[in-house]
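final.tsv (TSV, C-alpha atoms)
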```tsv
chain	number	residue	atom	x	y	z
A	23	MET	CA	-0.49	-4.21	-26.06
A	24	ALA	CA	2.87	-2.53	-26.70
A	25	PRO	CA	4.65	-3.16	-23.37
A	26	ARG	CA	6.68	0.08	-23.38
A	27	MET	CA	3.48	2.08	-23.72
A	28	LEU	CA	2.60	0.98	-20.19
A	29	LEU	CA	5.43	3.14	-18.83
A	30	SER	CA	3.58	6.29	-19.92
A	31	MET	CA	0.12	5.29	-18.68
A	32	PRO	CA	-1.44	6.27	-15.33
A	33	LEU	CA	-1.78	3.27	-13.05
A	34	HIS	CA	-5.56	3.29	-12.90
A	35	ALA	CA	-5.69	3.54	-16.71
A	36	ILE	CA	-3.55	0.40	-16.92
A	37	THR	CA	-5.91	-1.23	-14.44
A	38	GLU	CA	-9.01	-0.34	-16.45
A	39	VAL	CA	-7.60	-1.32	-19.85
A	40	TYR	CA	-5.23	-4.21	-19.14
A	41	GLY	CA	-6.05	-5.36	-15.60
A	42	GLU	CA	-3.71	-7.42	-13.47
A	43	ALA	CA	-1.66	-8.60	-16.46
A	44	GLY	CA	-0.91	-5.01	-17.44
A	45	LEU	CA	0.08	-4.00	-13.90
A	46	ARG	CA	2.36	-7.04	-13.61
A	47	GLU	CA	4.00	-6.12	-16.91
A	48	ARG	CA	4.44	-2.51	-15.79
A	49	PHE	CA	6.04	-3.68	-12.55
A	50	LEU	CA	8.49	-5.92	-14.42
A	51	LEU	CA	9.37	-3.03	-16.73
A	52	GLU	CA	10.16	-0.87	-13.70
A	53	LEU	CA	12.43	-3.64	-12.37
A	54	GLU	CA	14.56	-3.90	-15.50
A	55	SER	CA	17.12	-1.41	-14.18
A	56	PHE	CA	17.40	-3.07	-10.75
A	57	PRO	CA	20.32	-5.38	-9.92
A	58	GLU	CA	19.57	-9.05	-10.48
A	59	ALA	CA	19.52	-9.95	-6.78
A	60	GLU	CA	17.03	-7.17	-6.04
A	61	ARG	CA	14.82	-8.18	-8.97
A	62	LYS	CA	14.83	-11.73	-7.65
A	63	GLN	CA	13.75	-10.60	-4.16
A	64	LEU	CA	10.95	-8.42	-5.52
A	65	ILE	CA	9.64	-11.14	-7.81
A	66	GLU	CA	9.72	-13.57	-4.85
A	67	ALA	CA	7.71	-11.04	-2.82
A	68	LEU	CA	5.23	-10.62	-5.67
A	69	ASP	CA	4.84	-14.39	-5.96
A	70	LEU	CA	4.15	-14.64	-2.22
A	71	ALA	CA	1.64	-11.77	-2.34
A	72	SER	CA	-0.05	-13.41	-5.34
A	73	ARG	CA	-0.43	-16.69	-3.45
A	74	LEU	CA	-1.67	-15.12	-0.21
A	75	HIS	CA	-4.18	-12.80	-1.89
A	76	GLU	CA	-5.16	-15.18	-4.70
A	77	HIS	CA	-8.85	-15.19	-3.79
A	78	ASP	CA	-9.09	-11.63	-2.44
A	79	ARG	CA	-10.90	-8.92	-4.37
A	80	ARG	CA	-11.43	-5.17	-4.10
A	81	VAL	CA	-15.00	-4.83	-5.39
A	82	ARG	CA	-14.27	-5.00	-9.14
A	83	GLU	CA	-10.66	-6.18	-9.31
A	84	PRO	CA	-8.18	-8.68	-7.88
A	85	TYR	CA	-6.66	-7.42	-4.64
A	86	LEU	CA	-3.19	-7.88	-6.12
A	87	ASN	CA	-3.82	-4.88	-8.37
A	88	HIS	CA	-3.79	-2.64	-5.31
A	89	LEU	CA	-0.47	-4.06	-4.09
A	90	LEU	CA	1.11	-3.66	-7.52
A	91	ARG	CA	-0.03	-0.04	-7.81
A	92	VAL	CA	1.32	0.77	-4.33
A	93	ALA	CA	4.75	-0.62	-5.23
A	94	ILE	CA	4.90	0.88	-8.73
A	95	ARG	CA	3.89	4.31	-7.40
A	96	ILE	CA	6.76	4.23	-4.91
A	97	ILE	CA	9.26	3.49	-7.69
A	98	LYS	CA	7.87	5.76	-10.40
A	99	TYR	CA	6.50	8.77	-8.57
A	100	TYR	CA	8.44	8.74	-5.31
A	101	GLY	CA	11.79	7.80	-6.86
A	102	VAL	CA	12.45	5.11	-4.24
A	103	ARG	CA	14.54	2.09	-5.22
A	104	ASP	CA	15.08	0.64	-1.75
A	105	VAL	CA	14.39	-3.06	-2.25
A	106	ASP	CA	13.28	-3.61	1.36
A	107	VAL	CA	10.72	-0.81	1.15
A	108	LEU	CA	9.37	-2.15	-2.14
A	109	THR	CA	9.23	-5.70	-0.78
A	110	ALA	CA	7.28	-4.45	2.24
A	111	ALA	CA	4.98	-2.48	-0.07
A	112	LEU	CA	4.05	-5.64	-1.98
A	113	LEU	CA	3.43	-7.47	1.28
A	114	HIS	CA	1.98	-4.63	3.34
A	115	ASP	CA	-1.39	-6.37	3.84
A	116	ALA	CA	-0.07	-9.93	4.12
A	117	VAL	CA	0.18	-10.09	7.91
A	118	GLU	CA	-3.07	-8.24	8.49
A	119	ASP	CA	-5.13	-10.27	6.01
A	120	HIS	CA	-3.47	-13.71	5.98
A	121	PRO	CA	-1.38	-14.28	9.13
A	122	ALA	CA	-2.17	-17.99	9.44
A	123	GLU	CA	-1.39	-18.74	5.80
A	124	LEU	CA	1.83	-16.76	5.96
A	125	ALA	CA	2.92	-18.32	9.24
A	126	GLY	CA	1.85	-21.79	8.14
A	127	THR	CA	-0.21	-22.41	11.25
A	128	THR	CA	-3.74	-21.93	12.51
A	129	ALA	CA	-2.73	-22.42	16.15
A	130	GLY	CA	-2.65	-19.64	18.72
A	131	THR	CA	-4.40	-16.34	19.23
A	132	CYS	CA	-4.63	-13.62	16.59
A	133	SER	CA	-1.69	-11.83	18.21
A	134	GLN	CA	0.38	-15.01	18.19
A	135	GLN	CA	-0.42	-15.65	14.54
A	136	THR	CA	0.55	-12.07	13.73
A	137	GLU	CA	3.91	-12.48	15.45
A	138	ALA	CA	4.49	-15.81	13.71
A	139	ALA	CA	3.69	-14.21	10.34
A	140	ILE	CA	6.08	-11.34	10.99
A	141	ALA	CA	8.76	-13.84	12.00
A	142	GLU	CA	8.20	-15.68	8.70
A	143	LEU	CA	8.69	-12.44	6.75
A	144	ALA	CA	11.89	-11.79	8.70
A	145	ALA	CA	13.15	-15.28	7.84
A	146	ARG	CA	12.38	-14.84	4.15
A	147	PHE	CA	13.25	-11.21	3.53
A	148	GLY	CA	15.08	-9.93	6.61
A	149	PRO	CA	14.08	-8.11	9.80
A	150	ARG	CA	13.79	-4.67	8.18
A	151	VAL	CA	11.10	-5.84	5.77
A	152	ALA	CA	9.26	-7.54	8.63
A	153	GLU	CA	9.32	-4.42	10.79
A	154	LEU	CA	8.15	-2.20	7.93
A	155	VAL	CA	5.18	-4.51	7.42
A	156	ARG	CA	4.53	-4.48	11.17
A	157	SER	CA	4.40	-0.67	11.10
A	158	VAL	CA	1.62	-0.65	8.50
A	159	THR	CA	-0.31	-3.61	9.95
A	160	ASN	CA	-3.39	-2.67	11.94
A	161	PRO	CA	-3.63	-4.13	15.45
A	162	GLU	CA	-6.63	-5.95	16.86
A	163	TYR	CA	-9.40	-3.43	17.45
A	164	ASP	CA	-11.17	-2.85	20.73
A	165	PRO	CA	-14.84	-3.61	19.90
A	166	ASP	CA	-15.96	-0.99	22.42
A	167	ARG	CA	-14.21	1.87	20.58
A	168	ASP	CA	-14.80	3.41	17.17
A	169	ARG	CA	-12.96	1.28	14.59
A	170	HIS	CA	-12.01	4.17	12.29
A	171	GLU	CA	-10.74	6.22	15.23
A	172	GLN	CA	-8.52	3.30	16.32
A	173	TYR	CA	-7.24	2.90	12.76
A	174	ARG	CA	-6.24	6.56	12.51
A	175	ALA	CA	-4.59	6.52	15.94
A	176	HIS	CA	-2.54	3.47	14.97
A	177	VAL	CA	-1.47	4.99	11.66
A	178	ALA	CA	-0.38	8.23	13.30
A	179	ALA	CA	1.58	6.47	16.03
A	180	SER	CA	3.33	3.96	13.76
A	181	LEU	CA	4.28	6.58	11.19
A	182	GLU	CA	5.69	8.84	13.89
A	183	ARG	CA	8.17	6.07	14.73
A	184	ASP	CA	9.09	4.85	11.26
A	185	PRO	CA	9.83	7.36	8.46
A	186	TRP	CA	10.16	4.68	5.78
A	187	ALA	CA	6.77	3.25	6.74
A	188	ARG	CA	5.35	6.66	5.82
A	189	VAL	CA	6.42	6.04	2.23
A	190	ILE	CA	4.47	2.79	2.06
A	191	LYS	CA	1.42	4.13	3.88
A	192	VAL	CA	1.14	7.27	1.79
A	193	SER	CA	1.19	5.22	-1.42
A	194	ASP	CA	-1.42	2.90	0.08
A	195	PHE	CA	-3.48	5.93	1.11
A	196	THR	CA	-3.16	7.48	-2.36
A	197	ASP	CA	-4.41	4.31	-3.98
A	198	ASN	CA	-7.38	4.20	-1.61
A	199	GLY	CA	-8.03	7.95	-1.42
A	200	VAL	CA	-7.39	9.29	-4.90
A	201	GLY	CA	-8.67	5.97	-6.22
A	202	VAL	CA	-11.93	6.32	-4.31
A	203	VAL	CA	-13.68	7.29	-7.55
A	204	HIS	CA	-12.93	3.84	-8.98
A	205	THR	CA	-15.16	1.96	-6.54
A	206	THR	CA	-18.90	1.66	-5.98
A	207	PRO	CA	-20.86	4.54	-4.38
A	208	ASP	CA	-21.41	2.80	-1.04
A	209	LYS	CA	-17.74	1.80	-0.80
A	210	ALA	CA	-16.74	5.35	-1.73
A	211	VAL	CA	-18.73	6.78	1.20
A	212	LYS	CA	-17.19	4.29	3.62
A	213	ALA	CA	-13.67	4.97	2.33
A	214	ALA	CA	-14.07	8.73	2.40
A	215	THR	CA	-15.41	8.61	5.98
A	216	LYS	CA	-12.48	6.44	7.08
A	217	TYR	CA	-9.66	8.25	5.28
A	218	ARG	CA	-10.61	11.93	5.17
A	219	PRO	CA	-9.57	12.73	8.77
A	220	LEU	CA	-6.08	11.35	8.06
A	221	VAL	CA	-5.25	13.88	5.34
A	222	PRO	CA	-3.95	16.65	7.65
A	223	LYS	CA	-1.74	14.21	9.57
A	224	LEU	CA	-0.31	12.73	6.40
A	225	ARG	CA	0.42	16.20	5.04
A	226	GLU	CA	2.32	17.03	8.21
A	227	LEU	CA	4.28	13.75	8.21
A	228	VAL	CA	5.20	13.98	4.52
A	229	GLY	CA	6.56	17.48	5.03
A	230	ARG	CA	8.89	16.49	7.86
A	231	PRO	CA	12.65	16.68	7.20
A	232	ASP	CA	13.15	13.06	8.26
A	233	THR	CA	10.68	11.71	5.70
A	234	PRO	CA	13.15	10.10	3.25
A	235	LEU	CA	11.82	11.54	-0.01
A	236	SER	CA	12.95	14.22	-2.43
A	237	ILE	CA	11.24	17.61	-2.51
A	238	ALA	CA	9.75	16.70	-5.90
A	239	ALA	CA	8.29	13.47	-4.49
A	240	LYS	CA	6.88	15.28	-1.46
A	241	ASP	CA	5.28	17.91	-3.72
A	242	HIS	CA	3.74	15.16	-5.82
A	243	ILE	CA	2.32	13.46	-2.73
A	244	LEU	CA	0.92	16.72	-1.36
A	245	ASP	CA	-0.82	17.32	-4.69
A	246	GLN	CA	-2.30	13.82	-4.48
A	247	LEU	CA	-3.49	14.45	-0.92
A	248	ASP	CA	-5.20	17.62	-2.15
A	249	LEU	CA	-6.90	15.61	-4.89
A	250	ALA	CA	-7.99	12.97	-2.38
A	251	GLU	CA	-9.46	15.68	-0.15
A	252	GLU	CA	-11.36	17.14	-3.13
A	253	ARG	CA	-12.83	13.73	-3.86
A	254	PHE	CA	-13.71	13.07	-0.23
A	255	ALA	CA	-15.48	16.44	-0.09
A	256	ALA	CA	-17.42	15.68	-3.29
A	257	ILE	CA	-18.57	12.38	-1.80
A	258	LEU	CA	-19.36	13.50	1.74
A	259	ASP	CA	-20.32	17.18	1.42
A	260	ASP	CA	-22.49	17.07	-1.70
```

Written form, structure tokens:
Amino acid sequence: MAPRMLLSMPLHAITEVYGEAGLRERFLLELESFPEAERKQLIEALDLASRLHEHDRRVREPYLNHLLRVAIRIIKYYGVRDVDVLTAALLHDAVEDHPAELAGTTAGTCSQQTEAAIAELAARFGPRVAELVRSVTNPEYDPDRDRHEQYRAHVAASLERDPWARVIKVSDFTDNGVGVVHTTPDKAVKAATKYRPLVPKLRELVGRPDTPLSIAAKDHILDQLDLAEERFAAILDD
């Protein structure tokens, strides 16, 4: 593998050809122009994400691949170099998936473990990172209500409040939505059912003046949302 070639490859092509090692290398290449202190923070966040998600998988790949693609996309395609946003992108599922491991305790309720995990992120990376992760962390679901409906309501409400969280969520959504063709058929149907109703809301949020992205980045995201909708339609309407 010629490392510089990775800079010109689509993220899912890197995933298919080179796997986690290729995505890690691409991420490090993107970091070369960052100040040393920021590189150190992002590598620390990647190391933490690697440890927390070590045994997690997304059907055919390590879960870490998803986190790397979300962060790389924000740098490369959204033009964002805010180290706190990128740190939160790498750790955006840490509190939701591994609160006890992150907090270092198995005591307390789920809500208490979540708060302890967020406090740990604040101690390690600062309160802004912790609050960004909170904004993209799903709450406990009411078992008497539709789970997908609760997910979409939470996403809409949290992104209304936090413009920078929109940047993380839309990259996460792109990886899940546009990337829906890279999973198994049954997973694709579940993902399309869950994510398709969010597309109009995400379009509206991305287009808002307070969403902190360039016009070019917003246009790119809107094109990706259109592609996701095409793929959802192919899966659900065929």

Compile the contact shell of Phe147 (chain A) as a list in words: residues with an atom at most 9 Å away, counting all atoms listed in the file, same-chain residues fewer than 4 positions apart removed. Gln63, Ala67, Asp106, Thr109, Glu142, Leu143, Val151 and Ala152 of chain A

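Taking CA of Lys98 (chain A) and CA of Lys223 (chain A) as the two end points, the separation is 23.7 Å.
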
Non-local contacts of Ser236 (chain A) (10 Å; only C-alpha atoms; under 4 positions in same chain excluded) as a count of residues only: 7

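Closest approach to Glu182 (chain A) from the set A:Asn87, A:Thr131, A:Thr233, A:Thr37 is made by A:Thr233, with distances taken over all atoms listed in the file.
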
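Among the candidates A:Tyr99, A:Tyr163, A:Tyr85, A:Phe56, the residue lying nearest to Pro32 (chain A) is A:Tyr99 (atoms considered: only C-alpha atoms).
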
Please identify all polymer residues within 9 Å of Ile97 (chain A), counting all atoms listed in the file, omitting same-chain residues fewer than 6 positions from it, and present them as an mmCIF file with C-alpha atoms, in the frame of the given file.
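Just written: around-v3.cif:
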```
data_model
loop_
_atom_site.group_PDB
_atom_site.id
_atom_site.type_symbol
_atom_site.label_atom_id
_atom_site.label_comp_id
_atom_site.auth_asym_id
_atom_site.auth_seq_id
_atom_site.Cartn_x
_atom_site.Cartn_y
_atom_site.Cartn_z
ATOM 1 C CA GLU A 52 10.160 -0.870 -13.700
ATOM 2 C CA ARG A 103 14.540 2.090 -5.220
ATOM 3 C CA ASP A 104 15.080 0.640 -1.750
ATOM 4 C CA LEU A 108 9.370 -2.150 -2.140
#
```

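When CA of His120 (chain A) is paired with CA of Ala145 (chain A), their separation reads 16.8 Å.
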
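CA of Glu118 (chain A) is positioned 19.5 Å from CA of Glu83 (chain A).
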
What lies within 9 Å of Thr215 (chain A) using all atoms listed in the file, ignoring chain neighbours under 3 positions off, as a ChimeraX atom specification? /A:170,210-212,218-219,254,258

With C-alpha atoms retained, export the selected residues as a PDB file, keeping the file's coordinate frame.
```
ATOM      1  CA  HIS A 170     -12.010   4.170  12.290  1.00  0.00           C
ATOM      2  CA  ALA A 210     -16.740   5.350  -1.730  1.00  0.00           C
ATOM      3  CA  VAL A 211     -18.730   6.780   1.200  1.00  0.00           C
ATOM      4  CA  LYS A 212     -17.190   4.290   3.620  1.00  0.00           C
ATOM      5  CA  ARG A 218     -10.610  11.930   5.170  1.00  0.00           C
ATOM      6  CA  PRO A 219      -9.570  12.730   8.770  1.00  0.00           C
ATOM      7  CA  PHE A 254     -13.710  13.070  -0.230  1.00  0.00           C
ATOM      8  CA  LEU A 258     -19.360  13.500   1.740  1.00  0.00           C
TER       9      LEU A 258
END
```

For each of A:Leu124, A:Cys132, A:Leu74, A:Ile96, take the minimum atom-to-atom distance to Pro234 (chain A), counting all atoms listed in the file, then give the residue where this is smallest. A:Ile96

Closest to Phe195 (chain A) among A:Ile94, A:Leu247, A:Ala179, A:Val107, using only C-alpha atoms? A:Leu247

Which of A:Leu68, A:Asp115, A:Arg82, A:Leu224 sits closest to Lys209 (chain A) [using all atoms listed in the file]: A:Arg82

Completion of region 79-94 of chain A up to N, CA and C atoms, as a tab-separated table (two decimals), in the coordinates of the input:
```
chain	number	residue	atom	x	y	z
A	79	ARG	N	-10.50	-9.90	-3.35
A	79	ARG	CA	-10.90	-8.92	-4.37
A	79	ARG	C	-11.21	-7.57	-3.71
A	80	ARG	N	-11.04	-6.53	-4.49
A	80	ARG	CA	-11.43	-5.17	-4.10
A	80	ARG	C	-12.58	-4.74	-5.01
A	81	VAL	N	-13.76	-5.15	-4.65
A	81	VAL	CA	-15.00	-4.83	-5.39
A	81	VAL	C	-14.93	-5.36	-6.82
A	82	ARG	N	-14.23	-4.63	-7.72
A	82	ARG	CA	-14.27	-5.00	-9.14
A	82	ARG	C	-12.93	-5.49	-9.68
A	83	GLU	N	-11.98	-5.79	-8.81
A	83	GLU	CA	-10.66	-6.18	-9.31
A	83	GLU	C	-9.97	-7.10	-8.32
A	84	PRO	N	-8.98	-7.87	-8.80
A	84	PRO	CA	-8.18	-8.68	-7.88
A	84	PRO	C	-7.45	-7.78	-6.89
A	85	TYR	N	-7.33	-8.23	-5.65
A	85	TYR	CA	-6.66	-7.42	-4.64
A	85	TYR	C	-5.20	-7.14	-5.00
A	86	LEU	N	-4.59	-8.06	-5.74
A	86	LEU	CA	-3.19	-7.88	-6.12
A	86	LEU	C	-2.97	-6.59	-6.90
A	87	ASN	N	-3.97	-6.13	-7.63
A	87	ASN	CA	-3.82	-4.88	-8.37
A	87	ASN	C	-3.44	-3.74	-7.45
A	88	HIS	N	-4.09	-3.68	-6.30
A	88	HIS	CA	-3.79	-2.64	-5.31
A	88	HIS	C	-2.33	-2.71	-4.88
A	89	LEU	N	-1.85	-3.90	-4.56
A	89	LEU	CA	-0.47	-4.06	-4.09
A	89	LEU	C	0.52	-3.67	-5.17
A	90	LEU	N	0.24	-4.04	-6.42
A	90	LEU	CA	1.11	-3.66	-7.52
A	90	LEU	C	1.15	-2.14	-7.70
A	91	ARG	N	-0.01	-1.49	-7.65
A	91	ARG	CA	-0.03	-0.04	-7.81
A	91	ARG	C	0.74	0.66	-6.69
A	92	VAL	N	0.60	0.17	-5.46
A	92	VAL	CA	1.32	0.77	-4.33
A	92	VAL	C	2.83	0.69	-4.57
A	93	ALA	N	3.32	-0.46	-5.01
A	93	ALA	CA	4.75	-0.62	-5.23
A	93	ALA	C	5.24	0.18	-6.44
A	94	ILE	N	4.49	0.14	-7.52
A	94	ILE	CA	4.90	0.88	-8.73
A	94	ILE	C	4.94	2.37	-8.45
```
